[in-house]
$ cat start.pdb   # PDB, C-alpha atoms
ATOM      1  CA  GLY A   1      -5.761  -6.336  11.079  1.00  0.00           C
ATOM      2  CA  TRP A   2      -6.251  -2.755  10.027  1.00  0.00           C
ATOM      3  CA  LYS A   3      -8.844  -3.175   7.261  1.00  0.00           C
ATOM      4  CA  GLU A   4     -10.932  -5.322   9.587  1.00  0.00           C
ATOM      5  CA  GLY A   5     -10.799  -2.659  12.338  1.00  0.00           C
ATOM      6  CA  GLN A   6      -8.631  -4.748  14.672  1.00  0.00           C
ATOM      7  CA  ILE A   7      -6.115  -1.907  15.023  1.00  0.00           C
ATOM      8  CA  THR A   8      -6.592   1.857  14.800  1.00  0.00           C
ATOM      9  CA  ASP A   9      -5.452   4.086  11.933  1.00  0.00           C
ATOM     10  CA  GLU A  10      -2.772   5.513  14.231  1.00  0.00           C
ATOM     11  CA  GLU A  11      -1.480   2.052  15.179  1.00  0.00           C
ATOM     12  CA  TYR A  12      -1.374   1.060  11.505  1.00  0.00           C
ATOM     13  CA  SER A  13       0.449   4.249  10.517  1.00  0.00           C
ATOM     14  CA  ASN A  14       2.991   3.829  13.321  1.00  0.00           C
ATOM     15  CA  GLU A  15       3.638   0.208  12.338  1.00  0.00           C
ATOM     16  CA  MET A  16       4.112   1.161   8.675  1.00  0.00           C
ATOM     17  CA  GLN A  17       6.573   3.897   9.661  1.00  0.00           C
ATOM     18  CA  ARG A  18       8.538   1.431  11.815  1.00  0.00           C
ATOM     19  CA  GLU A  19       8.652  -1.069   8.950  1.00  0.00           C
ATOM     20  CA  VAL A  20       9.791   1.575   6.442  1.00  0.00           C
ATOM     21  CA  ARG A  21      12.588   2.666   8.796  1.00  0.00           C
ATOM     22  CA  ARG A  22      13.620  -0.974   9.281  1.00  0.00           C
ATOM     23  CA  VAL A  23      13.685  -1.707   5.538  1.00  0.00           C
ATOM     24  CA  VAL A  24      15.579   1.488   4.693  1.00  0.00           C
ATOM     25  CA  ASN A  25      18.107   0.840   7.480  1.00  0.00           C
ATOM     26  CA  VAL A  26      18.797  -2.666   6.123  1.00  0.00           C
ATOM     27  CA  GLN A  27      19.450  -1.153   2.700  1.00  0.00           C
ATOM     28  CA  LYS A  28      21.812   1.443   4.218  1.00  0.00           C
ATOM     29  CA  GLU A  29      23.660  -1.263   6.160  1.00  0.00           C
ATOM     30  CA  ILE A  30      24.338  -3.335   3.042  1.00  0.00           C
ATOM     31  CA  GLY A  31      25.511  -0.265   1.126  1.00  0.00           C
ATOM     32  CA  LEU A  32      22.772   0.378  -1.410  1.00  0.00           C
ATOM     33  CA  ASP A  33      22.772   3.811  -3.068  1.00  0.00           C
ATOM     34  CA  VAL A  34      19.037   4.014  -3.799  1.00  0.00           C
ATOM     35  CA  PHE A  35      16.428   2.951  -1.252  1.00  0.00           C
ATOM     36  CA  VAL A  36      12.894   1.637  -1.602  1.00  0.00           C
ATOM     37  CA  HIS A  37      10.381   1.664   1.211  1.00  0.00           C
ATOM     38  CA  GLY A  38       9.414  -2.006   0.842  1.00  0.00           C
ATOM     39  CA  GLU A  39       5.716  -1.507   0.053  1.00  0.00           C
ATOM     40  CA  ALA A  40       4.599  -3.092   3.332  1.00  0.00           C
ATOM     41  CA  GLU A  41       1.272  -1.258   3.109  1.00  0.00           C
ATOM     42  CA  ARG A  42       0.354  -2.901  -0.199  1.00  0.00           C
ATOM     43  CA  SER A  43      -1.030  -6.369  -0.586  1.00  0.00           C
ATOM     44  CA  ASP A  44      -1.145  -5.655  -4.315  1.00  0.00           C
ATOM     45  CA  MET A  45      -0.181  -2.546  -6.301  1.00  0.00           C
ATOM     46  CA  VAL A  46      -3.352  -2.446  -8.422  1.00  0.00           C
ATOM     47  CA  GLU A  47      -5.591  -2.884  -5.365  1.00  0.00           C
ATOM     48  CA  TYR A  48      -3.663  -0.156  -3.517  1.00  0.00           C
ATOM     49  CA  PHE A  49      -4.235   2.419  -6.253  1.00  0.00           C
ATOM     50  CA  ALA A  50      -7.808   1.315  -7.016  1.00  0.00           C
ATOM     51  CA  GLU A  51      -8.759   2.000  -3.401  1.00  0.00           C
ATOM     52  CA  LYS A  52      -7.589   5.595  -3.836  1.00  0.00           C
ATOM     53  CA  LEU A  53      -9.768   6.257  -6.906  1.00  0.00           C
ATOM     54  CA  ASP A  54     -13.443   7.060  -7.305  1.00  0.00           C
ATOM     55  CA  GLY A  55     -15.311   4.869  -9.780  1.00  0.00           C
ATOM     56  CA  MET A  56     -13.431   1.712  -8.778  1.00  0.00           C
ATOM     57  CA  LEU A  57     -13.862  -0.884  -6.095  1.00  0.00           C
ATOM     58  CA  VAL A  58     -11.924  -3.925  -5.007  1.00  0.00           C
ATOM     59  CA  THR A  59     -13.744  -7.125  -4.158  1.00  0.00           C
ATOM     60  CA  ARG A  60     -13.189  -8.710  -0.758  1.00  0.00           C
ATOM     61  CA  ARG A  61     -13.219 -12.319  -1.961  1.00  0.00           C
ATOM     62  CA  GLY A  62     -12.808 -12.035  -5.726  1.00  0.00           C
ATOM     63  CA  TRP A  63      -9.305 -13.456  -5.968  1.00  0.00           C
ATOM     64  CA  VAL A  64      -7.979 -14.425  -9.409  1.00  0.00           C
ATOM     65  CA  GLN A  65      -4.689 -16.030 -10.343  1.00  0.00           C
ATOM     66  CA  SER A  66      -2.289 -13.491 -11.796  1.00  0.00           C
ATOM     67  CA  TYR A  67       0.639 -15.802 -12.536  1.00  0.00           C
ATOM     68  CA  GLY A  68       2.299 -18.779 -10.886  1.00  0.00           C
ATOM     69  CA  SER A  69       1.114 -18.877  -7.288  1.00  0.00           C
ATOM     70  CA  ARG A  70       0.301 -15.138  -7.223  1.00  0.00           C
ATOM     71  CA  TYR A  71      -3.329 -14.147  -6.689  1.00  0.00           C
ATOM     72  CA  VAL A  72      -4.811 -10.635  -6.787  1.00  0.00           C
ATOM     73  CA  ARG A  73      -8.154  -8.970  -6.181  1.00  0.00           C
ATOM     74  CA  PRO A  74      -8.706  -7.097  -9.442  1.00  0.00           C
ATOM     75  CA  PRO A  75     -10.570  -3.802  -9.324  1.00  0.00           C
ATOM     76  CA  VAL A  76     -14.037  -3.381 -10.769  1.00  0.00           C
ATOM     77  CA  ILE A  77     -14.787  -0.185 -12.682  1.00  0.00           C
ATOM     78  CA  TYR A  78     -18.328   0.991 -11.954  1.00  0.00           C
ATOM     79  CA  GLY A  79     -18.204   4.663 -12.920  1.00  0.00           C
ATOM     80  CA  LYS A  80     -16.028   7.519 -14.052  1.00  0.00           C
ATOM     81  CA  VAL A  81     -12.530   6.869 -12.719  1.00  0.00           C
ATOM     82  CA  LYS A  82     -10.927   9.876 -11.058  1.00  0.00           C
ATOM     83  CA  ARG A  83      -8.720  10.717  -8.139  1.00  0.00           C
ATOM     84  CA  LYS A  84     -10.536  11.035  -4.839  1.00  0.00           C
ATOM     85  CA  GLU A  85     -10.652  14.594  -3.556  1.00  0.00           C
ATOM     86  CA  GLY A  86      -7.754  15.259  -1.195  1.00  0.00           C
ATOM     87  CA  VAL A  87      -6.206  11.784  -1.508  1.00  0.00           C
ATOM     88  CA  ALA A  88      -2.533  11.763  -2.416  1.00  0.00           C
ATOM     89  CA  MET A  89      -1.398   8.605  -4.173  1.00  0.00           C
ATOM     90  CA  THR A  90       2.058   7.944  -2.710  1.00  0.00           C
ATOM     91  CA  VAL A  91       3.210  11.209  -1.104  1.00  0.00           C
ATOM     92  CA  LYS A  92       3.082   9.862   2.467  1.00  0.00           C
ATOM     93  CA  GLU A  93       5.097   6.776   1.549  1.00  0.00           C
ATOM     94  CA  PHE A  94       7.684   8.849  -0.322  1.00  0.00           C
ATOM     95  CA  GLU A  95       8.057  11.188   2.663  1.00  0.00           C
ATOM     96  CA  MET A  96       8.475   8.250   5.077  1.00  0.00           C
ATOM     97  CA  CYS A  97      11.309   6.890   2.949  1.00  0.00           C
ATOM     98  CA  GLN A  98      13.082  10.257   3.006  1.00  0.00           C
ATOM     99  CA  GLN A  99      13.258  10.447   6.822  1.00  0.00           C
TER     100      GLN A  99
END
$ encode --input "start.pdb" --output "C-alpha cells"
Amino acid sequence: GWKEGQITDEEYSNEMQREVRRVVNVQKEIGLDVFVHGEAERSDMVEYFAEKLDGMLVTRRGWVQSYGSRYVRPPVIYGKVKRKEGVAMTVKEFEMCQQ
C-alpha cells in the first residue's frame, strides 16, 4: 500500500491512528494497566529505525531468515550513521497512544 504509493500519506496516517485507537481500546476493555500501541506501522523494528537514519538503507528484496519462520530485511550501512534532520524516532507513535 503506502510504500508503493497506493495510498496517500494522509490516508496512511489516518489508518494508523484508527488502528492505534482500536488496539488501545481492546487493552482498556480487558483491564490492562499499561498500554502499547501495537506497532502496526512496523513490518520490522530494525527496518523501521534504519529508515529514519542517514547512512543506512533497507533493501527491497533482501530478505534473510531471522529465526524460525521470521524473515527481515536487514539494513545496509553505507556511510556515517546519524539521525535524519527533523525526524523524530517514535514521538508521533507515543503521542497517538496517549490520546
$ atom_distance --input "start.pdb" --atom1 "CA of Arg21 in chain A" --atom2 "CA of His37 in chain A"
8.0 Å
$ closest_residue --input "start.pdb" --among "A:Ala40, A:Leu57, A:Val26, A:Val34" --to "Ser13 in chain A" --atoms "all atoms listed in the file"
A:Ala40
$ resolve_selection --input "start.pdb" --expression "the PyMOL selection byres ((chain A and resi 46) around 10)" --output "VMD selection string"
chain A and resid 42 to 45 47 to 51 58 72 to 75
$ residues_around --input "start.pdb" --residues "Val24 in chain A" --least-positions-apart "6" --cutoff "9 Å" --atoms "all atoms listed in the file" --output "PyMOL selection string"
chain A and resi 35-38+97
$ residues_around --input "start.pdb" --residues "Val81 in chain A" --least-positions-apart "2" --cutoff "9 Å" --atoms "only C-alpha atoms" --output "number ranges by chain"
A: 53-56, 77-79, 83
$ axis_aligned_box --input "start.pdb" --around "range 29-39 of chain A" --padding-each-side "3 Å" --output "AutoDock Vina command-line options"
--center_x 15.6 --center_y 0.3 --center_z 1.2 --size_x 25.8 --size_y 13.3 --size_z 16.0
$ residues_near_point --input "start.pdb" --point "(4.1, -2.0, 6.9)" --cutoff "12 Å" --atoms "all atoms listed in the file" --output "PDB file with C-alpha atoms, in the frame of the given file"
ATOM      1  CA  GLY A   1      -5.761  -6.336  11.079  1.00  0.00           C
ATOM      2  CA  TRP A   2      -6.251  -2.755  10.027  1.00  0.00           C
ATOM      3  CA  GLU A  11      -1.480   2.052  15.179  1.00  0.00           C
ATOM      4  CA  TYR A  12      -1.374   1.060  11.505  1.00  0.00           C
ATOM      5  CA  SER A  13       0.449   4.249  10.517  1.00  0.00           C
ATOM      6  CA  ASN A  14       2.991   3.829  13.321  1.00  0.00           C
ATOM      7  CA  GLU A  15       3.638   0.208  12.338  1.00  0.00           C
ATOM      8  CA  MET A  16       4.112   1.161   8.675  1.00  0.00           C
ATOM      9  CA  GLN A  17       6.573   3.897   9.661  1.00  0.00           C
ATOM     10  CA  ARG A  18       8.538   1.431  11.815  1.00  0.00           C
ATOM     11  CA  GLU A  19       8.652  -1.069   8.950  1.00  0.00           C
ATOM     12  CA  VAL A  20       9.791   1.575   6.442  1.00  0.00           C
ATOM     13  CA  ARG A  21      12.588   2.666   8.796  1.00  0.00           C
ATOM     14  CA  ARG A  22      13.620  -0.974   9.281  1.00  0.00           C
ATOM     15  CA  VAL A  23      13.685  -1.707   5.538  1.00  0.00           C
ATOM     16  CA  HIS A  37      10.381   1.664   1.211  1.00  0.00           C
ATOM     17  CA  GLY A  38       9.414  -2.006   0.842  1.00  0.00           C
ATOM     18  CA  GLU A  39       5.716  -1.507   0.053  1.00  0.00           C
ATOM     19  CA  ALA A  40       4.599  -3.092   3.332  1.00  0.00           C
ATOM     20  CA  GLU A  41       1.272  -1.258   3.109  1.00  0.00           C
ATOM     21  CA  ARG A  42       0.354  -2.901  -0.199  1.00  0.00           C
ATOM     22  CA  SER A  43      -1.030  -6.369  -0.586  1.00  0.00           C
ATOM     23  CA  GLU A  93       5.097   6.776   1.549  1.00  0.00           C
ATOM     24  CA  MET A  96       8.475   8.250   5.077  1.00  0.00           C
TER      25      MET A  96
END
$ atom_distance --input "start.pdb" --atom1 "CA of Lys52 in chain A" --atom2 "CA of Val76 in chain A"
13.0 Å
$ atom_distance --input "start.pdb" --atom1 "CA of Glu4 in chain A" --atom2 "CA of Arg61 in chain A"
13.7 Å
$ decode --input "start.pdb" --residues "range 55-97 of chain A" --atoms "C-alpha atoms" --output "short mmCIF file (atom, residue, chain, number, x, y, z; two decimals), in the first residue's frame"
data_model
loop_
_atom_site.label_atom_id
_atom_site.label_comp_id
_atom_site.auth_asym_id
_atom_site.auth_seq_id
_atom_site.Cartn_x
_atom_site.Cartn_y
_atom_site.Cartn_z
CA GLY A 55 23.90 6.37 6.34
CA MET A 56 21.63 3.31 6.27
CA LEU A 57 19.32 1.79 3.72
CA VAL A 58 16.96 -1.14 3.69
CA THR A 59 16.85 -3.46 0.71
CA ARG A 60 13.54 -4.05 -1.04
CA ARG A 61 14.08 -7.76 -1.73
CA GLY A 62 16.99 -8.70 0.52
CA TRP A 63 15.07 -10.87 2.96
CA VAL A 64 17.04 -13.08 5.36
CA GLN A 65 15.78 -15.58 7.90
CA SER A 66 15.98 -14.18 11.41
CA TYR A 67 14.67 -17.20 13.32
CA GLY A 68 12.00 -19.85 12.82
CA SER A 69 9.69 -18.61 10.09
CA ARG A 70 10.57 -14.94 10.70
CA TYR A 71 12.26 -13.05 7.87
CA VAL A 72 13.62 -9.49 7.94
CA ARG A 73 15.19 -7.02 5.54
CA PRO A 74 18.42 -6.12 7.33
CA PRO A 75 19.78 -2.61 6.92
CA VAL A 76 22.94 -1.87 4.98
CA ILE A 77 25.34 0.70 6.42
CA TYR A 78 26.85 2.79 3.63
CA GLY A 79 28.06 5.89 5.47
CA LYS A 80 28.15 7.73 8.75
CA VAL A 81 25.04 6.74 10.69
CA LYS A 82 23.17 9.67 12.21
CA ARG A 83 19.66 10.82 12.86
CA LYS A 84 17.99 12.49 9.91
CA GLU A 85 17.46 16.21 10.43
CA GLY A 86 14.00 16.88 11.84
CA VAL A 87 12.95 13.21 12.03
CA ALA A 88 11.66 12.11 15.41
CA MET A 89 12.07 8.40 16.08
CA THR A 90 8.87 7.45 17.92
CA VAL A 91 7.33 10.70 19.19
CA LYS A 92 4.29 10.54 16.89
CA GLU A 93 3.53 6.95 17.88
CA PHE A 94 3.91 7.75 21.59
CA GLU A 95 1.55 10.72 21.25
CA MET A 96 -1.05 8.61 19.39
CA CYS A 97 -1.04 6.09 22.23
#
